[in-house]
file query.tsv (TSV, C-alpha atoms and all ligand atoms)
chain	number	residue	atom	x	y	z
U	248	MET	CA	-0.67	-115.67	25.66
U	249	GLN	CA	-3.69	-117.79	24.93
U	250	PHE	CA	-6.22	-115.36	23.62
U	251	HIS	CA	-8.69	-117.93	22.34
U	252	ILE	CA	-9.98	-119.05	25.74
U	253	ARG	CA	-12.63	-117.54	28.04
U	254	GLU	CA	-15.01	-115.58	25.90
U	255	LYS	CA	-17.28	-112.85	27.29
U	256	LYS	CA	-16.58	-113.35	30.97
U	257	TYR	CA	-16.10	-109.62	31.36
U	258	ASN	CA	-18.18	-106.73	30.18
U	259	MET	CA	-15.56	-104.94	28.07
U	260	GLN	CA	-15.29	-101.17	27.77
U	261	LYS	CA	-13.45	-99.12	25.19
U	262	LYS	CA	-10.03	-98.21	26.57
U	263	GLY	CA	-7.11	-96.43	24.96
U	264	PHE	CA	-3.96	-98.52	24.67
U	265	ILE	CA	-0.76	-96.51	24.29
U	266	PHE	CA	2.55	-98.16	23.44
U	267	ASP	CA	6.00	-96.68	23.83
U	268	LEU	CA	8.29	-97.74	20.96
U	269	ASP	CA	11.91	-98.23	21.99
U	270	GLY	CA	12.11	-100.99	24.60
U	271	VAL	CA	8.45	-101.96	24.29
U	272	ILE	CA	7.84	-102.75	20.62
U	273	VAL	CA	11.45	-103.01	19.41
U	274	ASP	CA	14.88	-102.89	21.03
U	275	THR	CA	16.36	-99.87	19.30
U	276	ALA	CA	18.24	-98.87	22.50
U	277	LYS	CA	21.19	-100.94	21.25
U	278	TYR	CA	21.40	-98.82	18.07
U	279	HIS	CA	21.08	-95.55	20.01
U	280	TYR	CA	23.90	-96.81	22.22
U	281	LEU	CA	26.25	-97.66	19.34
U	282	ALA	CA	25.72	-94.25	17.74
U	283	TRP	CA	26.14	-92.31	21.01
U	284	LYS	CA	29.18	-94.40	21.94
U	285	ASN	CA	30.91	-93.54	18.64
U	286	LEU	CA	30.15	-89.87	19.20
U	287	ALA	CA	31.64	-90.03	22.71
U	288	THR	CA	34.75	-91.83	21.40
U	289	GLU	CA	35.25	-89.11	18.80
U	290	LEU	CA	34.92	-86.48	21.52
U	291	GLY	CA	37.55	-88.37	23.53
U	292	PHE	CA	35.70	-90.15	26.33
U	293	ASN	CA	34.11	-93.51	27.05
U	294	PHE	CA	30.35	-94.00	27.22
U	295	THR	CA	29.23	-97.23	28.87
U	296	GLU	CA	26.15	-99.38	28.38
U	297	GLU	CA	25.25	-98.68	31.99
U	298	GLN	CA	25.30	-94.92	31.36
U	299	ASN	CA	23.13	-95.51	28.30
U	300	GLU	CA	20.36	-96.69	30.65
U	301	GLN	CA	19.87	-93.06	31.69
U	302	LEU	CA	18.89	-92.17	28.13
U	303	LYS	CA	15.89	-94.48	27.88
U	304	GLY	CA	12.79	-92.53	26.92
U	305	VAL	CA	14.79	-89.28	26.94
U	306	SER	CA	14.66	-86.95	23.89
U	307	ARG	CA	17.57	-86.60	21.48
U	308	ILE	CA	18.52	-83.14	22.75
U	309	LYS	CA	18.38	-84.18	26.39
U	310	SER	CA	20.36	-87.33	25.56
U	311	LEU	CA	23.23	-85.33	24.08
U	312	GLU	CA	23.14	-82.93	27.04
U	313	LYS	CA	23.48	-85.88	29.42
U	314	ILE	CA	26.32	-87.43	27.39
U	315	LEU	CA	28.26	-84.17	27.34
U	316	GLU	CA	27.75	-83.93	31.09
U	317	ILE	CA	29.22	-87.43	31.46
U	318	GLY	CA	32.24	-86.46	29.31
U	319	ASN	CA	32.47	-83.08	31.04
U	320	ILE	CA	32.49	-81.36	27.67
U	321	SER	CA	30.71	-78.26	26.43
U	322	LEU	CA	29.94	-77.52	22.78
U	323	SER	CA	28.87	-74.38	20.95
U	324	ASP	CA	25.22	-74.38	19.82
U	325	ASP	CA	26.37	-74.97	16.26
U	326	GLU	CA	28.57	-77.90	17.16
U	327	PHE	CA	25.81	-79.34	19.39
U	328	THR	CA	23.37	-79.32	16.46
U	329	LYS	CA	25.98	-80.84	14.15
U	330	GLN	CA	26.81	-83.67	16.55
U	331	MET	CA	23.13	-84.44	17.08
U	332	ALA	CA	22.54	-84.62	13.32
U	333	LYS	CA	25.60	-86.82	12.85
U	334	LYS	CA	24.43	-89.20	15.55
U	335	ASN	CA	21.02	-89.43	13.94
U	336	ILE	CA	22.48	-90.25	10.51
U	337	GLU	CA	24.44	-93.10	12.06
U	338	TYR	CA	21.37	-94.27	14.01
U	339	LEU	CA	19.29	-94.26	10.80
U	340	ASN	CA	21.94	-96.44	9.15
U	341	TYR	CA	21.36	-99.07	11.83
U	342	ILE	CA	17.58	-98.70	11.50
U	343	GLU	CA	17.86	-99.26	7.75
U	344	THR	CA	18.58	-102.97	8.31
U	345	MET	CA	15.68	-103.55	10.71
U	346	ASN	CA	12.87	-105.95	9.85
U	347	GLU	CA	10.00	-107.84	11.53
U	348	ASP	CA	12.46	-110.17	13.27
U	349	GLU	CA	13.33	-107.31	15.62
U	350	ILE	CA	9.83	-106.95	17.05
U	351	LEU	CA	9.91	-107.91	20.73
U	352	PRO	CA	8.18	-111.17	21.80
U	353	ASP	CA	4.36	-111.30	21.64
U	354	VAL	CA	3.98	-107.66	20.56
U	355	PRO	CA	2.09	-108.54	17.32
U	356	LYS	CA	-0.06	-110.96	19.32
U	357	ILE	CA	-1.16	-108.29	21.77
U	358	LEU	CA	-1.73	-105.68	19.03
U	359	ASN	CA	-3.83	-108.15	17.03
U	360	TYR	CA	-5.75	-109.13	20.13
U	361	LEU	CA	-6.61	-105.47	20.86
U	362	ILE	CA	-7.55	-104.86	17.22
U	363	GLY	CA	-9.83	-107.91	17.41
U	364	LYS	CA	-11.50	-106.40	20.47
U	365	GLN	CA	-11.85	-103.05	18.65
U	366	GLN	CA	-9.74	-101.27	21.22
U	367	PRO	CA	-8.11	-98.00	20.05
U	368	ILE	CA	-4.31	-98.15	19.90
U	369	SER	CA	-1.76	-95.33	19.79
U	370	LEU	CA	1.99	-94.99	19.77
U	371	GLY	CA	3.45	-92.67	22.43
U	372	SER	CA	7.16	-92.34	21.75
U	373	ALA	CA	9.85	-89.72	22.29
U	374	SER	CA	11.51	-90.72	19.02
U	375	LYS	CA	11.41	-88.53	15.93
U	376	ASN	CA	12.18	-91.66	13.92
U	377	ALA	CA	9.16	-93.59	15.17
U	378	ARG	CA	7.25	-93.79	11.88
U	379	THR	CA	10.34	-94.96	9.98
U	380	ILE	CA	10.91	-97.71	12.53
U	381	LEU	CA	7.27	-98.86	12.52
U	382	GLU	CA	7.37	-99.01	8.72
U	383	LYS	CA	10.58	-101.03	8.81
U	384	VAL	CA	9.07	-103.64	11.12
U	385	ASN	CA	5.75	-103.51	9.28
U	386	LEU	CA	3.58	-102.44	12.22
U	387	LEU	CA	2.53	-98.94	11.18
U	388	ASN	CA	-0.94	-100.05	10.07
U	389	LYS	CA	-1.75	-101.50	13.50
U	390	PHE	CA	-2.02	-98.04	15.08
U	391	ASP	CA	-5.04	-95.74	15.11
U	392	ALA	CA	-2.83	-92.81	16.13
U	393	ILE	CA	0.87	-92.00	16.26
U	394	VAL	CA	2.30	-89.47	18.68
U	395	ASP	CA	6.08	-89.16	18.58
U	396	GLY	CA	8.95	-86.77	19.20
U	397	ASN	CA	7.82	-84.56	16.33
U	398	ASP	CA	4.48	-83.84	18.03
U	399	VAL	CA	5.58	-82.73	21.47
U	400	THR	CA	7.40	-79.78	22.98
U	401	LYS	CA	7.97	-81.39	26.37
U	402	GLY	CA	9.65	-84.76	26.75
U	403	LYS	CA	8.80	-87.55	29.21
U	404	PRO	CA	8.33	-87.41	32.24
U	405	ASN	CA	6.03	-84.63	31.07
U	406	PRO	CA	2.69	-86.29	30.17
U	407	GLU	CA	2.21	-84.31	26.91
U	408	VAL	CA	2.92	-87.27	24.60
U	409	PHE	CA	0.34	-89.52	26.27
U	410	LEU	CA	-2.28	-86.77	26.69
U	411	LYS	CA	-2.03	-86.09	22.94
U	412	ALA	CA	-2.49	-89.79	22.25
U	413	SER	CA	-5.57	-89.94	24.49
U	414	LYS	CA	-7.05	-86.95	22.63
U	415	LEU	CA	-6.42	-88.53	19.22
U	416	LEU	CA	-7.96	-91.81	20.38
U	417	LYS	CA	-10.90	-89.89	21.89
U	418	VAL	CA	-10.50	-91.81	25.14
U	419	LYS	CA	-10.23	-90.00	28.49
U	420	PRO	CA	-6.79	-90.19	30.16
U	421	GLU	CA	-8.17	-92.21	33.09
U	422	ASN	CA	-9.32	-94.83	30.58
U	423	CYS	CA	-5.92	-95.10	28.93
U	424	ILE	CA	-3.32	-97.78	29.58
U	425	VAL	CA	0.34	-97.10	28.83
U	426	PHE	CA	3.06	-99.71	28.18
U	427	GLU	CA	6.49	-98.24	28.98
U	428	ASP	CA	10.04	-99.47	29.55
U	429	ALA	CA	11.51	-96.21	30.89
U	430	VAL	CA	11.23	-94.66	34.33
U	431	ALA	CA	10.55	-91.26	32.70
U	432	GLY	CA	7.78	-92.86	30.63
U	433	VAL	CA	6.13	-94.51	33.63
U	434	GLN	CA	6.24	-91.16	35.42
U	435	ALA	CA	4.68	-89.48	32.37
U	436	ALA	CA	1.85	-92.05	32.31
U	437	ASN	CA	1.23	-91.60	36.03
U	438	ALA	CA	1.24	-87.81	35.64
U	439	ALA	CA	-1.35	-88.19	32.86
U	440	ASN	CA	-3.57	-90.14	35.31
U	441	MET	CA	-3.34	-93.27	33.16
U	442	ILE	CA	-2.72	-96.89	34.15
U	443	SER	CA	1.01	-97.51	33.79
U	444	ILE	CA	2.35	-100.90	32.83
U	445	GLY	CA	6.11	-101.23	33.08
U	446	ILE	CA	7.87	-103.58	30.66
U	447	GLY	CA	11.18	-104.47	32.25
U	448	GLU	CA	12.53	-104.90	35.74
U	449	GLN	CA	10.37	-104.43	38.84
U	450	ASP	CA	13.25	-102.80	40.76
U	451	VAL	CA	13.69	-100.14	38.10
U	452	LEU	CA	10.03	-99.58	37.19
U	453	HIS	CA	8.57	-99.75	40.72
U	454	GLU	CA	6.52	-96.58	40.15
U	455	ALA	CA	4.38	-98.42	37.56
U	456	ASP	CA	0.95	-99.82	38.49
U	457	TYR	CA	2.04	-103.21	37.10
U	458	VAL	CA	5.37	-104.55	35.86
U	459	PHE	CA	6.04	-107.46	33.51
U	460	ASN	CA	9.36	-108.59	32.09
U	461	ASP	CA	7.83	-108.70	28.61
U	462	PHE	CA	4.53	-109.29	26.81
U	463	THR	CA	4.82	-113.07	27.07
U	464	GLU	CA	3.96	-112.64	30.77
U	465	ILE	CA	0.72	-110.76	30.13
U	466	SER	CA	-2.32	-113.03	30.18
U	467	VAL	CA	-5.62	-112.66	28.38
U	468	GLU	CA	-7.31	-112.54	31.79
U	469	PHE	CA	-5.23	-109.52	32.72
U	470	MET	CA	-6.14	-107.76	29.46
U	471	GLU	CA	-9.83	-108.58	29.95
U	472	GLU	CA	-9.70	-107.28	33.49
U	473	LEU	CA	-8.16	-104.00	32.27
U	474	MET	CA	-10.85	-103.60	29.61
U	475	SER	CA	-13.69	-104.34	32.03
U	476	ARG	CA	-12.69	-101.62	34.52
U	477	LYS	CA	-15.25	-98.87	34.95
E	1	LIG	P1	15.25	-90.12	18.33
E	1	LIG	P2	10.86	-94.19	23.15
E	1	LIG	C1	13.13	-92.81	22.80
E	1	LIG	O1	12.17	-93.68	22.29
E	1	LIG	C2	14.38	-93.59	23.20
E	1	LIG	O2	14.09	-94.44	24.31
E	1	LIG	C3	15.47	-92.63	23.59
E	1	LIG	O3	16.64	-93.34	23.93
E	1	LIG	C4	15.74	-91.66	22.42
E	1	LIG	O4	16.74	-90.72	22.77
E	1	LIG	C5	14.44	-90.95	22.06
E	1	LIG	O5	13.45	-91.91	21.73
E	1	LIG	C6	14.60	-90.00	20.90
E	1	LIG	O6	14.86	-90.75	19.75
E	1	LIG	O7	16.66	-89.69	18.39
E	1	LIG	O8	14.99	-91.26	17.38
E	1	LIG	O9	14.29	-88.96	18.08
E	1	LIG	O10	11.39	-95.14	24.17
E	1	LIG	O11	10.17	-92.97	23.74
E	1	LIG	O12	10.04	-94.87	22.08
E	2	MG	MG	11.07	-96.67	25.62
call {"tool": "encode", "arguments": {"input": "query.tsv", "output": "structure tokens", "more": "lines below"}}
Ligand code: B16
Ligand code: MG
result
Amino acid sequence: MQFHIREKKYNMQKKGFIFDLDGVIVDTAKYHYLAWKNLATELGFNFTEEQNEQLKGVSRIKSLEKILEIGNISLSDDEFTKQMAKKNIEYLNYIETMNEDEILPDVPKILNYLIGKQQPISLGSASKNARTILEKVNLLNKFDAIVDGNDVTKGKPNPEVFLKASKLLKVKPENCIVFEDAVAGVQAANAANMISIGIGEQDVLHEADYVFNDFTEISVEFMEELMSRK
């Protein structure tokens, strides 16, 4: 992205930029997968990388429900809670080793660009570990607001997470732009009446207003155009 060119062509407005975490800022899906896979193995069934795709953007509770469905296993409430806690401990062990090298391409560039343009920025993640991860990769201070799995009662595709972010940023939902890698997240952004930008494959994220493979494909002109919309 070449952010130094073309100054002041557009009349910029204040928008709210909301970033999902896993799959947009960092690739923690691989760590979720390893931890869930080990849990499945212990329970006696296989859990594939393909099946893991269904868990993107989905809360921890819903993830375990889906996995148990795949393995055709039912657990008592107590055992369910125990397994979820165990998975999270293992996941946190993987997170422990994370550093700035794991930030996805051009993410710092786009965050710094938006900060330079005084655009409000929020996180909008389903993860209860979001703050820990942002600290690990040294990005926590880039955000004006953080909304994560600890702040919501309804998971994506419910728009609660993004509506809370818009409130904290003091920007109306229709003036917010969401970057999401999950189908459920794109649906949540659309339900919130926000502009949805899918990060990933067009085929998968076809419900998004725009789709890019990653941030290296997003031009300064595109960002300026978004900010100049009435
Ligand atoms: P945790 P996102 C989501 O993060 C992940 O995509 C999803 O796979 C995970 O189950 C969920 O967070 C909950 O994570 O167990 O850390 O609370 O994509 O919404 O940033
Ligand atoms: Mg995600």
call {"tool": "residues_around", "arguments": {"input": "query.tsv", "residues": "Lys417 in chain U", "least_positions_apart": "5", "cutoff": "10 Å", "atoms": "only C-alpha atoms", "output": "ChimeraX atom specification"}}
result
/U:262-263,367,411-412
call {"tool": "atom_distance", "arguments": {"input": "query.tsv", "atom1": "CA of Leu268 in chain U", "atom2": "CA of Arg476 in chain U"}}
result
25.3 Å
call {"tool": "residues_near_ligand", "arguments": {"input": "query.tsv", "ligand": "ligand LIG 1 (chain E)", "cutoff": "7 Å", "atoms": "only C-alpha atoms and all ligand atoms", "output": "compact mmCIF listing (two decimals) with C-alpha atoms, in the frame of the given file"}}
result
# COMPACT_ATOMS: atom_id res chain seq x y z
CA ASP U 267 6.00 -96.68 23.83
CA LEU U 268 8.29 -97.74 20.96
CA ASP U 269 11.91 -98.23 21.99
CA GLY U 270 12.11 -100.99 24.60
CA ALA U 276 18.24 -98.87 22.50
CA HIS U 279 21.08 -95.55 20.01
CA LEU U 302 18.89 -92.17 28.13
CA LYS U 303 15.89 -94.48 27.88
CA GLY U 304 12.79 -92.53 26.92
CA VAL U 305 14.79 -89.28 26.94
CA SER U 306 14.66 -86.95 23.89
CA ARG U 307 17.57 -86.60 21.48
CA SER U 310 20.36 -87.33 25.56
CA ASN U 335 21.02 -89.43 13.94
CA GLY U 371 3.45 -92.67 22.43
CA SER U 372 7.16 -92.34 21.75
CA ALA U 373 9.85 -89.72 22.29
CA SER U 374 11.51 -90.72 19.02
CA LYS U 375 11.41 -88.53 15.93
CA ASN U 376 12.18 -91.66 13.92
CA ALA U 377 9.16 -93.59 15.17
CA GLY U 396 8.95 -86.77 19.20
CA ALA U 429 11.51 -96.21 30.89
call {"tool": "atom_distance", "arguments": {"input": "query.tsv", "atom1": "CA of Ala431 in chain U", "atom2": "CA of Lys403 in chain U"}}
result
5.4 Å
call {"tool": "atom_distance", "arguments": {"input": "query.tsv", "atom1": "CA of Ile317 in chain U", "atom2": "CA of Thr295 in chain U"}}
result
10.1 Å
call {"tool": "closest_residue", "arguments": {"input": "query.tsv", "among": "U:Ala282, U:Lys419, U:Ser466, U:Phe426", "to": "ligand MG 2 (chain E)", "atoms": "only C-alpha atoms and all ligand atoms"}}
result
U:Phe426
call {"tool": "closest_residue", "arguments": {"input": "query.tsv", "among": "U:Cys423, U:Asn293, U:Ile357, U:Thr379", "to": "Ile465 in chain U", "atoms": "all atoms listed in the file"}}
result
U:Ile357
call {"tool": "residues_around", "arguments": {"input": "query.tsv", "residues": "Tyr280 in chain U", "least_positions_apart": "2", "cutoff": "10 Å", "atoms": "all atoms listed in the file", "output": "PyMOL selection string"}}
result
chain U and resi 275-278+282-286+294-296+298-300+302+338
call {"tool": "residues_around", "arguments": {"input": "query.tsv", "residues": "Leu410 in chain U", "least_positions_apart": "5", "cutoff": "10 Å", "atoms": "all atoms listed in the file", "output": "list in words"}}
result
Gly371, Val394, Asn405, Leu415, Leu416, Val418, Lys419, Pro420, Cys423, Ala435, Ala436, Ala438, Ala439, Asn440 and Met441 of chain U
call {"tool": "closest_residue", "arguments": {"input": "query.tsv", "among": "U:Gln301, U:Thr400, U:Thr288, U:Gln449", "to": "ligand MG 2 (chain E)", "atoms": "all atoms listed in the file"}}
result
U:Gln301
call {"tool": "closest_residue", "arguments": {"input": "query.tsv", "among": "U:Asn346, U:Pro404, U:Glu468, U:Asn397", "to": "ligand MG 2 (chain E)", "atoms": "all atoms listed in the file"}}
result
U:Pro404
call {"tool": "closest_residue", "arguments": {"input": "query.tsv", "among": "U:Val433, U:Ile342, U:Val354, U:Ala332", "to": "ligand MG 2 (chain E)", "atoms": "only C-alpha atoms and all ligand atoms"}}
result
U:Val433
call {"tool": "decode", "arguments": {"input": "query.tsv", "residues": "range 458-476 of chain U", "atoms": "N, CA, C and O atoms", "output": "compact mmCIF listing (two decimals), in the first residue's frame"}}
result
# COMPACT_ATOMS: atom_id res chain seq x y z
N VAL U 458 -14.37 -7.96 -1.02
CA VAL U 458 -13.50 -9.04 -0.51
C VAL U 458 -12.07 -8.84 -1.05
O VAL U 458 -11.88 -8.55 -2.23
N PHE U 459 -11.11 -8.96 -0.16
CA PHE U 459 -9.69 -8.93 -0.53
C PHE U 459 -9.02 -10.15 0.08
O PHE U 459 -9.40 -10.59 1.17
N ASN U 460 -8.00 -10.65 -0.59
CA ASN U 460 -7.28 -11.80 -0.02
C ASN U 460 -6.58 -11.43 1.29
O ASN U 460 -6.55 -12.21 2.22
N ASP U 461 -6.00 -10.23 1.30
CA ASP U 461 -5.36 -9.72 2.52
C ASP U 461 -5.19 -8.21 2.38
O ASP U 461 -5.57 -7.62 1.37
N PHE U 462 -4.58 -7.59 3.39
CA PHE U 462 -4.48 -6.12 3.39
C PHE U 462 -3.51 -5.59 2.34
O PHE U 462 -3.57 -4.41 2.01
N THR U 463 -2.65 -6.44 1.81
CA THR U 463 -1.71 -5.95 0.79
C THR U 463 -2.48 -5.55 -0.48
O THR U 463 -1.98 -4.81 -1.30
N GLU U 464 -3.70 -6.06 -0.61
CA GLU U 464 -4.50 -5.76 -1.81
C GLU U 464 -5.34 -4.49 -1.65
O GLU U 464 -6.01 -4.08 -2.59
N ILE U 465 -5.34 -3.92 -0.48
CA ILE U 465 -6.20 -2.74 -0.25
C ILE U 465 -5.40 -1.47 -0.53
O ILE U 465 -4.36 -1.23 0.09
N SER U 466 -5.89 -0.66 -1.46
CA SER U 466 -5.13 0.53 -1.87
C SER U 466 -5.53 1.75 -1.05
O SER U 466 -6.61 1.79 -0.45
N VAL U 467 -4.68 2.74 -1.07
CA VAL U 467 -4.98 4.00 -0.38
C VAL U 467 -6.20 4.66 -1.01
O VAL U 467 -7.02 5.28 -0.33
N GLU U 468 -6.35 4.50 -2.31
CA GLU U 468 -7.53 5.08 -3.00
C GLU U 468 -8.81 4.48 -2.45
O GLU U 468 -9.79 5.18 -2.24
N PHE U 469 -8.79 3.17 -2.23
CA PHE U 469 -9.97 2.49 -1.70
C PHE U 469 -10.29 3.03 -0.29
O PHE U 469 -11.44 3.32 0.03
N MET U 470 -9.26 3.17 0.52
CA MET U 470 -9.48 3.68 1.89
C MET U 470 -10.01 5.11 1.84
O MET U 470 -10.92 5.48 2.59
N GLU U 471 -9.45 5.92 0.96
CA GLU U 471 -9.91 7.31 0.84
C GLU U 471 -11.36 7.36 0.38
O GLU U 471 -12.14 8.18 0.87
N GLU U 472 -11.69 6.48 -0.54
CA GLU U 472 -13.06 6.44 -1.05
C GLU U 472 -14.03 6.07 0.08
O GLU U 472 -15.09 6.69 0.23
N LEU U 473 -13.63 5.10 0.91
CA LEU U 473 -14.48 4.70 2.05
C LEU U 473 -14.70 5.87 3.00
O LEU U 473 -15.81 6.13 3.47
N MET U 474 -13.62 6.60 3.25
CA MET U 474 -13.70 7.70 4.23
C MET U 474 -14.46 8.90 3.69
O MET U 474 -14.94 9.72 4.46
N SER U 475 -14.55 9.00 2.37
CA SER U 475 -15.21 10.19 1.79
C SER U 475 -16.71 9.96 1.58
O SER U 475 -17.43 10.88 1.22
N ARG U 476 -17.17 8.72 1.84
CA ARG U 476 -18.61 8.45 1.64
C ARG U 476 -19.47 9.23 2.62
O ARG U 476 -19.16 9.32 3.79
